[in-house]
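Student: Take this structure, written in structure tokens, and hold onto it; I'll ask about it next.
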Amino acid sequence: MRNPVPELLDEVLRACADDDEGELLQTIPELADEDPDRFAVALCTLDGRVHSAGDAEHRFTIQSVSKPFAYALALADRGLETVLQHVGVEPSGDAFHEISLESNGRPRNPMINVGAITTHSLIGDPSLGLAERDERVLAGLSAFAGRRLEVDDAVAASEREHASRNLALAYLVHSQGKLDGEPHDAVDGYIRQCSARVDVRDLAVMGATLAAGGRNPVTGEQVVDSWVCTQVLSVMATCGMYDAAGDWMSRVGIPAKSGVAGGVLGALPGQAGLAAFSPRLDEIGSSVRGVRAFERLSVELGLHLMHAPEVASHVLHGVVEPDRDGDGRREVQLQGTMHFAAAEVAVRELQQLPDDGAPVVLDLSRVASTNAIGRRLLTEAVERMRGDGHEVEVADPDGHLAG
Ligand code: GLU
């Protein structure tokens, strides 16, 4: 059987390939030499299968798509509180290189340059030298991608020659006491971070790692803790797409980040990592074809985050079968994922059992997974039933309630 997913990606690519609107970026001269017609899309599942179409092997610089990952590394290395002291989490509604500072001098968010340069300076231990921080950043991005990335020195040199604006932003944040270290060092490191070379498959794996709670689905490495991913995805959802973040969220509904070399990365929690690449940019700096590909992928694959999923009627399987085994026991079978909503239904089913003294078996053998609140509700329900004098047996061969 040929897997239909790559063909689906091919169709998306074909449907968007005739769009030749937009311009190549001019502010980093080295990027202006890119072949404008290149186009690729990729998707990585949470069990590590990467599907792609188009120029999937073509490498380009990651640019601003590195920002959410740098933010993740800073959070992992310094903790939420410290990072929040330096960089906020509010959408700016401004262009990526604007002076978007709060009244206390804190950059508004880590997805715009002023916040990203500040975030970069927070990666690793404060005592790290420039080269060591560089290495921590590159190793971190590489762990997300699942392979060792290299820096494009020519693009970095080209950007360094045109870095006045980013330097001005860094000096401004420094003057407000929010930048750790020297402005020149922060901008230099940030430029190298932006110059890491990736292809769309790398970006899809990076997105999937965020979508999977920090575990790279290809290498199996837990790159960052899952709370870090929740924080990063929230900020991507609200601030990721430059000054079009609201429009993007309502139309596409996938937490995402784009970069001025033409890459777009999306991460749909619990589902997939997605990526697109094409160098022509719209007026706010996102890839024209990349944005179109995401719009289509969102519709074709039903990926809008705010689209309410089907109500999981499969959660409670069989309910009450008093005499199935002829032993007078009532069996309540649960299946699927025991998160809050599912466990709440299960608790109500238990509550409604007739009070006739028949023993109850709570069967969790078909449960796929539980989270903390699911465990808590089910455990408390069992304890309370026992407290009320019911005989309750829990069949839990996979130890879901044990945590
Ligand atoms: N390195 C680029 C800059 O700082 C990244 C911009 C972007 O991709 O949005 O200007």
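Residues are named by chain letter and number: chains run A, B, ... in the order of the structure tokens, numbers start at 1 in each chain, and ligands are numbered from 1 in the order shown.
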Would you pick out the contacts of A:Asp134 at 10 Å or less, using only C-alpha atoms, so that residues sharing its chain but fewer than 6 positions from it are not included, and give the list as a list in words?

Tutor: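 Within the cut-off, the hits are His120, Ile123, Gly124, Leu128, Gly140, Asp188, Gly189, Tyr190, Arg192 and Gln193 of chain A.
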
Student: Please find the residues contacting ligand 1 at a distance of at most 6 Å between atoms, with only C-alpha atoms and all ligand atoms counted, and report them as a PyMOL selection string.

Tutor: chain A and resi 63-64+96+113+191+194+259-260

Student: For atom CA of A:Val228 and atom CA of A:Phe144, quote the distance in Å rounded to one decimal.

Tutor: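 Atom-to-atom, atom CA of A:Val228 and atom CA of A:Phe144 are spaced 13.0 Å apart.
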
Student: Any idea what the distance is between atom CA of A:Asp20 and atom CA of A:Arg289?

Tutor: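 Distance reported for this atom pair: 7.9 Å.
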
Student: Run DSSP on the backbone and give me the residues of stretch 120-316 of chain A it puts in strand (DSSP E or B), as a PyMOL selection string.

Tutor: chain A and resi 151+196-198+215+222+256-258+263-268+272-277+281+287+316

Student: Excluding A:Ala245 and residues on its chain fewer than 3 positions from it, collect all residues at most 10 Å away from it, counting only C-alpha atoms, and give them as a tab-separated table (two decimals) with N, CA and C atoms, in the first residue's frame.

Tutor:
```
chain	number	residue	atom	x	y	z
A	91	PRO	N	1.85	39.97	22.60
A	91	PRO	CA	2.01	40.28	21.18
A	91	PRO	C	2.28	41.77	21.00
A	92	SER	N	3.15	42.10	20.07
A	92	SER	CA	3.48	43.53	19.90
A	92	SER	C	2.61	44.16	18.84
A	93	GLY	N	2.18	43.36	17.85
A	93	GLY	CA	1.46	43.94	16.72
A	93	GLY	C	2.37	44.80	15.85
A	236	MET	N	4.38	31.27	20.64
A	236	MET	CA	4.32	31.14	19.18
A	236	MET	C	2.90	31.44	18.68
A	237	ALA	N	1.90	30.91	19.40
A	237	ALA	CA	0.51	31.07	18.97
A	237	ALA	C	0.10	32.54	18.97
A	238	THR	N	0.61	33.28	19.93
A	238	THR	CA	0.15	34.67	20.05
A	238	THR	C	1.09	35.68	19.37
A	239	CYS	N	2.36	35.32	19.22
A	239	CYS	CA	3.33	36.31	18.71
A	239	CYS	C	4.17	35.78	17.56
A	240	GLY	N	3.93	34.56	17.09
A	240	GLY	CA	4.87	33.92	16.16
A	240	GLY	C	4.93	34.52	14.77
A	241	MET	N	3.80	35.00	14.25
A	241	MET	CA	3.79	35.38	12.84
A	241	MET	C	3.89	36.90	12.67
A	242	TYR	N	4.91	37.48	13.27
A	242	TYR	CA	5.15	38.91	13.16
A	242	TYR	C	3.87	39.67	13.50
A	248	TRP	N	-3.21	35.06	11.35
A	248	TRP	CA	-2.70	33.69	11.15
A	248	TRP	C	-3.44	32.70	12.05
A	249	MET	N	-3.59	33.08	13.32
A	249	MET	CA	-4.21	32.15	14.27
A	249	MET	C	-5.65	31.86	13.86
A	250	SER	N	-6.36	32.88	13.40
A	250	SER	CA	-7.76	32.62	13.04
A	250	SER	C	-7.87	31.88	11.71
A	251	ARG	N	-6.97	32.14	10.78
A	251	ARG	CA	-7.10	31.46	9.48
A	251	ARG	C	-6.47	30.08	9.46
A	253	GLY	N	-4.57	28.57	12.42
A	253	GLY	CA	-4.80	27.91	13.70
A	253	GLY	C	-3.71	26.94	14.12
A	255	PRO	N	0.15	27.01	15.94
A	255	PRO	CA	1.27	27.81	16.46
A	255	PRO	C	2.45	27.72	15.49
A	256	ALA	N	2.99	28.86	15.10
A	256	ALA	CA	3.97	28.83	14.02
A	256	ALA	C	4.99	29.94	14.15
A	257	LYS	N	6.08	29.81	13.39
A	257	LYS	CA	7.08	30.88	13.30
A	257	LYS	C	7.64	30.89	11.90
```

Student: Between A:Leu362, A:Ala143, A:Ala170, A:Leu353, which residue has the minimum interatomic distance to A:Glu98, considering only C-alpha atoms?

Tutor: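 That would be A:Ala170, the residue with the smallest distance to A:Glu98.
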
Student: Calculated over only C-alpha atoms, which of the candidates A:Ala261, A:Ile112, A:Met206, A:Leu364 has the smallest distance to A:Met338?

Tutor: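 Using only C-alpha atoms, the shortest distance to A:Met338 belongs to A:Leu364.
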
Student: In terms of the shortest atom-to-atom distance over only C-alpha atoms, which of A:Asp388, A:Glu349, A:Leu268, A:Asp47 is closest to A:Leu301?

Tutor: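 For A:Leu301, the nearest of the given residues is A:Leu268.
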